[in-house]
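Below: upload.cif (mmCIF, C-alpha atoms)
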data_work
#
loop_
_atom_site.group_PDB
_atom_site.id
_atom_site.type_symbol
_atom_site.label_atom_id
_atom_site.label_comp_id
_atom_site.auth_asym_id
_atom_site.auth_seq_id
_atom_site.Cartn_x
_atom_site.Cartn_y
_atom_site.Cartn_z
ATOM 1 C CA MET C 29 138.780 93.419 262.346
ATOM 2 C CA LYS C 30 137.264 90.388 260.632
ATOM 3 C CA ASN C 31 136.222 91.034 257.037
ATOM 4 C CA ILE C 32 133.987 88.225 255.802
ATOM 5 C CA VAL C 33 132.930 87.289 252.281
ATOM 6 C CA ILE C 34 129.571 85.520 252.488
ATOM 7 C CA PHE C 35 129.250 83.379 249.420
ATOM 8 C CA GLY C 36 126.623 81.270 247.726
ATOM 9 C CA ALA C 37 124.185 81.108 244.853
ATOM 10 C CA PRO C 38 121.255 83.522 244.667
ATOM 11 C CA GLY C 39 118.749 82.392 247.322
ATOM 12 C CA SER C 40 121.304 80.573 249.495
ATOM 13 C CA GLY C 41 120.549 82.731 252.544
ATOM 14 C CA LYS C 42 123.381 85.256 252.381
ATOM 15 C CA GLY C 43 121.181 88.207 253.366
ATOM 16 C CA THR C 44 119.484 86.372 256.229
ATOM 17 C CA GLN C 45 122.740 85.079 257.691
ATOM 18 C CA SER C 46 124.425 88.468 257.186
ATOM 19 C CA ASP C 47 121.693 90.107 259.288
ATOM 20 C CA LYS C 48 122.293 87.572 262.063
ATOM 21 C CA MET C 49 126.084 88.157 261.962
ATOM 22 C CA ILE C 50 125.598 91.934 262.092
ATOM 23 C CA GLU C 51 123.404 91.551 265.172
ATOM 24 C CA LYS C 52 125.761 89.159 266.978
ATOM 25 C CA PHE C 53 129.198 90.489 265.995
ATOM 26 C CA GLY C 54 128.519 94.168 265.202
ATOM 27 C CA PHE C 55 129.864 93.888 261.661
ATOM 28 C CA GLU C 56 129.228 96.447 258.950
ATOM 29 C CA HIS C 57 127.571 95.127 255.782
ATOM 30 C CA ILE C 58 128.016 95.824 252.109
ATOM 31 C CA SER C 59 125.403 94.147 249.926
ATOM 32 C CA THR C 60 126.334 94.775 246.333
ATOM 33 C CA GLY C 61 122.750 94.034 245.328
ATOM 34 C CA ASP C 62 121.314 96.590 247.770
ATOM 35 C CA VAL C 63 123.853 99.224 246.711
ATOM 36 C CA LEU C 64 123.087 98.582 243.037
ATOM 37 C CA ARG C 65 119.307 98.610 243.608
ATOM 38 C CA GLY C 66 119.728 101.917 245.443
ATOM 39 C CA GLU C 67 121.619 103.393 242.496
ATOM 40 C CA ILE C 68 118.972 102.091 240.075
ATOM 41 C CA LYS C 69 116.185 103.602 242.185
ATOM 42 C CA LYS C 70 118.010 106.958 242.285
ATOM 43 C CA GLY C 71 118.396 106.790 238.501
ATOM 44 C CA SER C 72 122.114 107.530 238.729
ATOM 45 C CA GLU C 73 124.372 106.887 235.752
ATOM 46 C CA LEU C 74 125.766 103.792 237.506
ATOM 47 C CA GLY C 75 122.212 102.642 238.196
ATOM 48 C CA LYS C 76 121.157 102.999 234.570
ATOM 49 C CA THR C 77 124.225 101.128 233.353
ATOM 50 C CA ALA C 78 123.787 98.421 235.995
ATOM 51 C CA GLN C 79 120.107 97.972 235.067
ATOM 52 C CA GLU C 80 121.044 97.159 231.468
ATOM 53 C CA TYR C 81 123.356 94.352 232.634
ATOM 54 C CA ILE C 82 120.904 93.028 235.221
ATOM 55 C CA ASN C 83 118.071 92.920 232.664
ATOM 56 C CA GLN C 84 120.271 90.657 230.548
ATOM 57 C CA GLY C 85 121.033 88.422 233.557
ATOM 58 C CA GLN C 86 124.680 89.551 233.352
ATOM 59 C CA LEU C 87 127.125 90.768 235.976
ATOM 60 C CA VAL C 88 127.833 94.485 236.395
ATOM 61 C CA PRO C 89 131.412 95.391 235.256
ATOM 62 C CA ASP C 90 134.071 94.945 237.936
ATOM 63 C CA GLN C 91 135.517 98.446 238.007
ATOM 64 C CA LEU C 92 132.141 100.079 238.673
ATOM 65 C CA ILE C 93 131.579 97.763 241.606
ATOM 66 C CA VAL C 94 135.104 97.907 243.066
ATOM 67 C CA ASP C 95 135.118 101.721 243.091
ATOM 68 C CA MET C 96 131.668 101.776 244.673
ATOM 69 C CA LEU C 97 132.640 99.239 247.361
ATOM 70 C CA ALA C 98 135.895 101.028 248.194
ATOM 71 C CA LYS C 99 133.935 104.245 248.779
ATOM 72 C CA VAL C 100 131.413 102.497 251.060
ATOM 73 C CA TYR C 101 134.178 100.595 252.900
ATOM 74 C CA ASP C 102 136.111 103.802 253.578
ATOM 75 C CA GLU C 103 132.971 105.454 254.977
ATOM 76 C CA PHE C 104 133.010 102.935 257.855
ATOM 77 C CA GLY C 105 136.257 104.458 259.163
ATOM 78 C CA ARG C 106 139.112 102.501 260.766
ATOM 79 C CA ASP C 107 137.443 101.348 263.995
ATOM 80 C CA HIS C 108 134.860 98.895 262.652
ATOM 81 C CA LYS C 109 134.770 95.252 263.802
ATOM 82 C CA GLY C 110 134.690 93.974 260.248
ATOM 83 C CA VAL C 111 132.638 94.102 257.067
ATOM 84 C CA ILE C 112 130.498 91.404 255.503
ATOM 85 C CA PHE C 113 130.820 91.471 251.720
ATOM 86 C CA ASP C 114 127.527 90.076 250.410
ATOM 87 C CA GLY C 115 127.207 89.465 246.672
ATOM 88 C CA PHE C 116 130.820 90.373 245.971
ATOM 89 C CA PRO C 117 133.193 89.134 244.707
ATOM 90 C CA ARG C 118 131.520 87.088 241.994
ATOM 91 C CA THR C 119 134.533 86.424 239.774
ATOM 92 C CA ILE C 120 138.218 85.709 240.330
ATOM 93 C CA PRO C 121 139.248 89.163 238.988
ATOM 94 C CA GLN C 122 136.817 90.726 241.497
ATOM 95 C CA ALA C 123 138.301 88.633 244.319
ATOM 96 C CA GLU C 124 141.773 89.798 243.307
ATOM 97 C CA ALA C 125 140.545 93.423 243.148
ATOM 98 C CA LEU C 126 138.929 93.130 246.607
ATOM 99 C CA LYS C 127 142.123 91.630 248.032
ATOM 100 C CA ALA C 128 144.153 94.490 246.519
ATOM 101 C CA MET C 129 141.698 97.174 247.695
ATOM 102 C CA LEU C 130 141.791 95.826 251.266
ATOM 103 C CA SER C 131 145.569 95.334 251.167
ATOM 104 C CA GLU C 132 146.036 99.014 250.219
ATOM 105 C CA ARG C 133 144.304 99.784 253.530
ATOM 106 C CA GLY C 134 146.296 97.224 255.528
ATOM 107 C CA ASP C 135 143.258 94.924 255.728
ATOM 108 C CA LYS C 136 142.299 91.494 254.389
ATOM 109 C CA VAL C 137 139.455 89.019 254.036
ATOM 110 C CA ALA C 138 139.535 86.838 257.163
ATOM 111 C CA ALA C 139 137.120 84.184 255.871
ATOM 112 C CA MET C 140 134.998 83.234 252.889
ATOM 113 C CA ILE C 141 131.866 81.516 254.181
ATOM 114 C CA GLU C 142 130.227 79.412 251.479
ATOM 115 C CA LEU C 143 126.519 78.654 251.939
ATOM 116 C CA ASP C 144 125.869 75.528 249.878
ATOM 117 C CA VAL C 145 122.215 74.893 248.895
ATOM 118 C CA PRO C 146 120.876 72.449 246.239
ATOM 119 C CA GLU C 147 119.583 74.088 243.051
ATOM 120 C CA ASP C 148 115.955 72.903 243.372
ATOM 121 C CA GLU C 149 115.779 74.531 246.816
ATOM 122 C CA LEU C 150 117.338 77.746 245.459
ATOM 123 C CA MET C 151 114.647 77.931 242.753
ATOM 124 C CA LYS C 152 111.862 77.444 245.342
ATOM 125 C CA ARG C 153 113.303 80.108 247.647
ATOM 126 C CA LEU C 154 113.809 82.662 244.870
ATOM 127 C CA LEU C 155 110.336 82.217 243.381
ATOM 128 C CA LEU C 156 108.826 82.611 246.860
ATOM 129 C CA ARG C 157 110.979 85.698 247.529
ATOM 130 C CA GLY C 158 109.785 87.213 244.246
ATOM 131 C CA GLN C 159 106.141 86.650 245.211
ATOM 132 C CA GLN C 160 106.659 88.104 248.696
ATOM 133 C CA SER C 161 108.883 91.061 247.840
ATOM 134 C CA GLY C 162 107.772 91.924 244.348
ATOM 135 C CA ARG C 163 111.417 91.899 243.182
ATOM 136 C CA SER C 164 111.141 91.855 239.410
ATOM 137 C CA ASP C 165 114.387 89.894 239.017
ATOM 138 C CA ASP C 166 112.936 86.907 240.926
ATOM 139 C CA ASN C 167 111.057 85.251 238.058
ATOM 140 C CA GLU C 168 111.845 81.778 236.712
ATOM 141 C CA GLU C 169 113.569 82.847 233.486
ATOM 142 C CA THR C 170 115.820 85.422 235.180
ATOM 143 C CA ILE C 171 116.523 83.065 238.084
ATOM 144 C CA ARG C 172 117.723 80.385 235.640
ATOM 145 C CA LYS C 173 120.000 82.925 233.929
ATOM 146 C CA ARG C 174 121.359 84.069 237.309
ATOM 147 C CA LEU C 175 122.054 80.477 238.379
ATOM 148 C CA ASP C 176 123.775 79.769 235.035
ATOM 149 C CA VAL C 177 125.963 82.869 235.505
ATOM 150 C CA TYR C 178 126.681 81.779 239.082
ATOM 151 C CA HIS C 179 127.806 78.300 237.990
ATOM 152 C CA SER C 180 129.916 79.463 235.048
ATOM 153 C CA GLN C 181 131.476 82.652 236.437
ATOM 154 C CA THR C 182 131.131 82.615 240.220
ATOM 155 C CA ALA C 183 131.574 79.013 241.361
ATOM 156 C CA PRO C 184 135.310 79.010 240.366
ATOM 157 C CA LEU C 185 135.832 81.362 243.342
ATOM 158 C CA ILE C 186 135.346 78.390 245.647
ATOM 159 C CA ASP C 187 138.666 76.942 244.468
ATOM 160 C CA TRP C 188 140.324 80.382 244.507
ATOM 161 C CA TYR C 189 139.414 80.955 248.162
ATOM 162 C CA GLU C 190 140.376 77.358 248.963
ATOM 163 C CA ARG C 191 143.870 78.110 247.619
ATOM 164 C CA GLU C 192 143.906 81.314 249.715
ATOM 165 C CA GLY C 193 143.264 79.057 252.726
ATOM 166 C CA ILE C 194 140.188 80.944 253.939
ATOM 167 C CA ARG C 195 137.238 79.019 252.433
ATOM 168 C CA HIS C 196 134.732 77.605 254.930
ATOM 169 C CA HIS C 197 131.959 75.361 253.575
ATOM 170 C CA ILE C 198 128.582 75.544 255.364
ATOM 171 C CA ASP C 199 125.603 73.301 254.573
ATOM 172 C CA GLY C 200 122.982 75.968 253.829
ATOM 173 C CA LEU C 201 120.030 73.573 253.841
ATOM 174 C CA GLY C 202 118.179 72.998 257.082
ATOM 175 C CA GLU C 203 117.374 74.864 260.252
ATOM 176 C CA LEU C 204 118.347 78.542 260.337
ATOM 177 C CA ASP C 205 119.835 78.379 263.835
ATOM 178 C CA ARG C 206 122.001 75.342 263.003
ATOM 179 C CA ILE C 207 123.348 77.106 259.918
ATOM 180 C CA PHE C 208 124.047 80.250 261.954
ATOM 181 C CA GLY C 209 125.760 78.195 264.661
ATOM 182 C CA ASP C 210 128.093 76.741 262.027
ATOM 183 C CA ILE C 211 128.841 80.272 260.778
ATOM 184 C CA CYS C 212 129.526 81.541 264.321
ATOM 185 C CA ARG C 213 132.079 78.762 264.884
ATOM 186 C CA VAL C 214 133.927 79.919 261.758
ATOM 187 C CA VAL C 215 133.847 83.618 262.724
ATOM 188 C CA ASP C 216 134.954 82.880 266.288
ATOM 189 C CA ASN C 217 137.940 80.877 265.063
ATOM 190 C CA VAL C 218 139.336 83.081 262.287
ATOM 191 C CA GLU C 219 141.904 85.784 262.824
ATOM 192 C CA GLY C 220 141.156 89.337 261.740
#
Could you quickly redo this structure as structure tokens?
Amino acid sequence: MKNIVIFGAPGSGKGTQSDKMIEKFGFEHISTGDVLRGEIKKGSELGKTAQEYINQGQLVPDQLIVDMLAKVYDEFGRDHKGVIFDGFPRTIPQAEALKAMLSERGDKVAAMIELDVPEDELMKRLLLRGQQSGRSDDNEETIRKRLDVYHSQTAPLIDWYEREGIRHHIDGLGELDRIFGDICRVVDNVEG
């Protein structure tokens, strides 16, 4: 079992590369954003609370997310090939909570794959995504807030995973297949 944290700023290609890994390796996938959007759409209590934070460009509180992810993770059973965590963790306390949650189950994160993309490219990608998908959180003001939150709260995870010895830096700018090839080399060479 190879649990992977796919990491990068909003718009770095996490969703696209996750889809390619699922197809090639048969991994399960937990996208915090998709799970949260689903809860918001359902109008659940979690969804309503999450929407308030998202509207402010803030992160959803850790405990809500950790409990939600543990439930989804457990639904995969014990025979899965691994899970891609997409959009989580975003802070060091979340990384510690994920490590503890997996450890309770005798599992671990095998690799953190960091997709590194320059900020001007991120802005272009996110504005285009907003136009194509109609996602209301992909407008310039909210994107800037999200990138500020990423740099102040999320980027410190790079050093945390480096100290854990499982950080793998990938240049996320360029041809899709080259980026995916770099990711595949990482996945092939890590131990589950």
Task: Residue nearest Ile112 (chain C) - candidates C:Ile211, C:Leu74, C:Met49, C:Val88, atoms counted: all atoms listed in the file - done: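 Using all atoms listed in the file, the shortest distance to Ile112 (chain C) belongs to C:Met49.
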TODO: Run the PyMOL selection byres ((chain C and resi 55) around 7) against the file shown and list the residues it catches, as a list of chain:residue names.
DONE: C:Met49, C:Ile50, C:Phe53, C:Gly54, C:Glu56, C:His57, C:Lys109, C:Gly110, C:Val111, C:Ile112
Task: Residue contacts of Glu192 (chain C) (12 Å, all atoms listed in the file) excluding same-chain residues fewer than 3 positions away, as a list in words - done: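 My list of contacting residues is Ile120, Ala123, Glu124, Lys127, Lys136, Val137, Ala138, Ala139, Met140, Leu185, Ile186, Asp187, Trp188, Tyr189, Arg195 and His196 of chain C.
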Task: Non-local contacts of Gly41 (chain C) (10 Å; only C-alpha atoms; under 2 positions in same chain excluded) as a list in words - done: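 The neighbour list is Ile34, Phe35, Gly36, Ala37, Pro38, Gly39, Gly43, Thr44, Gln45, Ser46, Leu143, Asp144, Val145, Leu150, Arg153, Gly200, Leu201, Leu204 and Ile207 of chain C.
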- [ ] Show which residues sit within 12 Å of region 67-70 of chain C, as number ranges by chain. Count all atoms listed in the file, and ignore same-chain residues fewer than 4 positions away.
- [x] C: 60-63, 74-83, 92-93, 96
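A straight line drawn from CA of Pro184 (chain C) to CA of Glu168 (chain C) is 23.9 Å long.
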Open item on the list: Please expand the PyMOL selection byres ((chain C and resi 217) around 12) into the concrete residues it hits in this file, giving the result as a ChimeraX atom specification.
Closed with: /C:30,138-139,194,196,210-216,218-220
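Coordinates place CA of Thr119 (chain C) at a distance of 27.3 Å from CA of Gly202 (chain C).
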Task: Non-local contacts of Gln86 (chain C) (12 Å; all atoms listed in the file; under 5 positions in same chain excluded) as an MDAnalysis selection string - done: chainID C and resid 77:81 118 165 170:178 180:182
- [ ] Point out the residue among C:Leu130, C:Met151, C:Val94, C:Ile141 with the least atom-to-atom distance to Gly193 (chain C), counting only C-alpha atoms.
- [x]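 When distances to Gly193 (chain C) are compared using only C-alpha atoms, the smallest one comes from C:Ile141.
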TODO: Find the residue from C:Ile58, C:Glu169, C:Leu126, C:Arg206 that sits nearest to Val100 (chain C); use only C-alpha atoms when measuring.
DONE: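 Closest candidate: C:Ile58.
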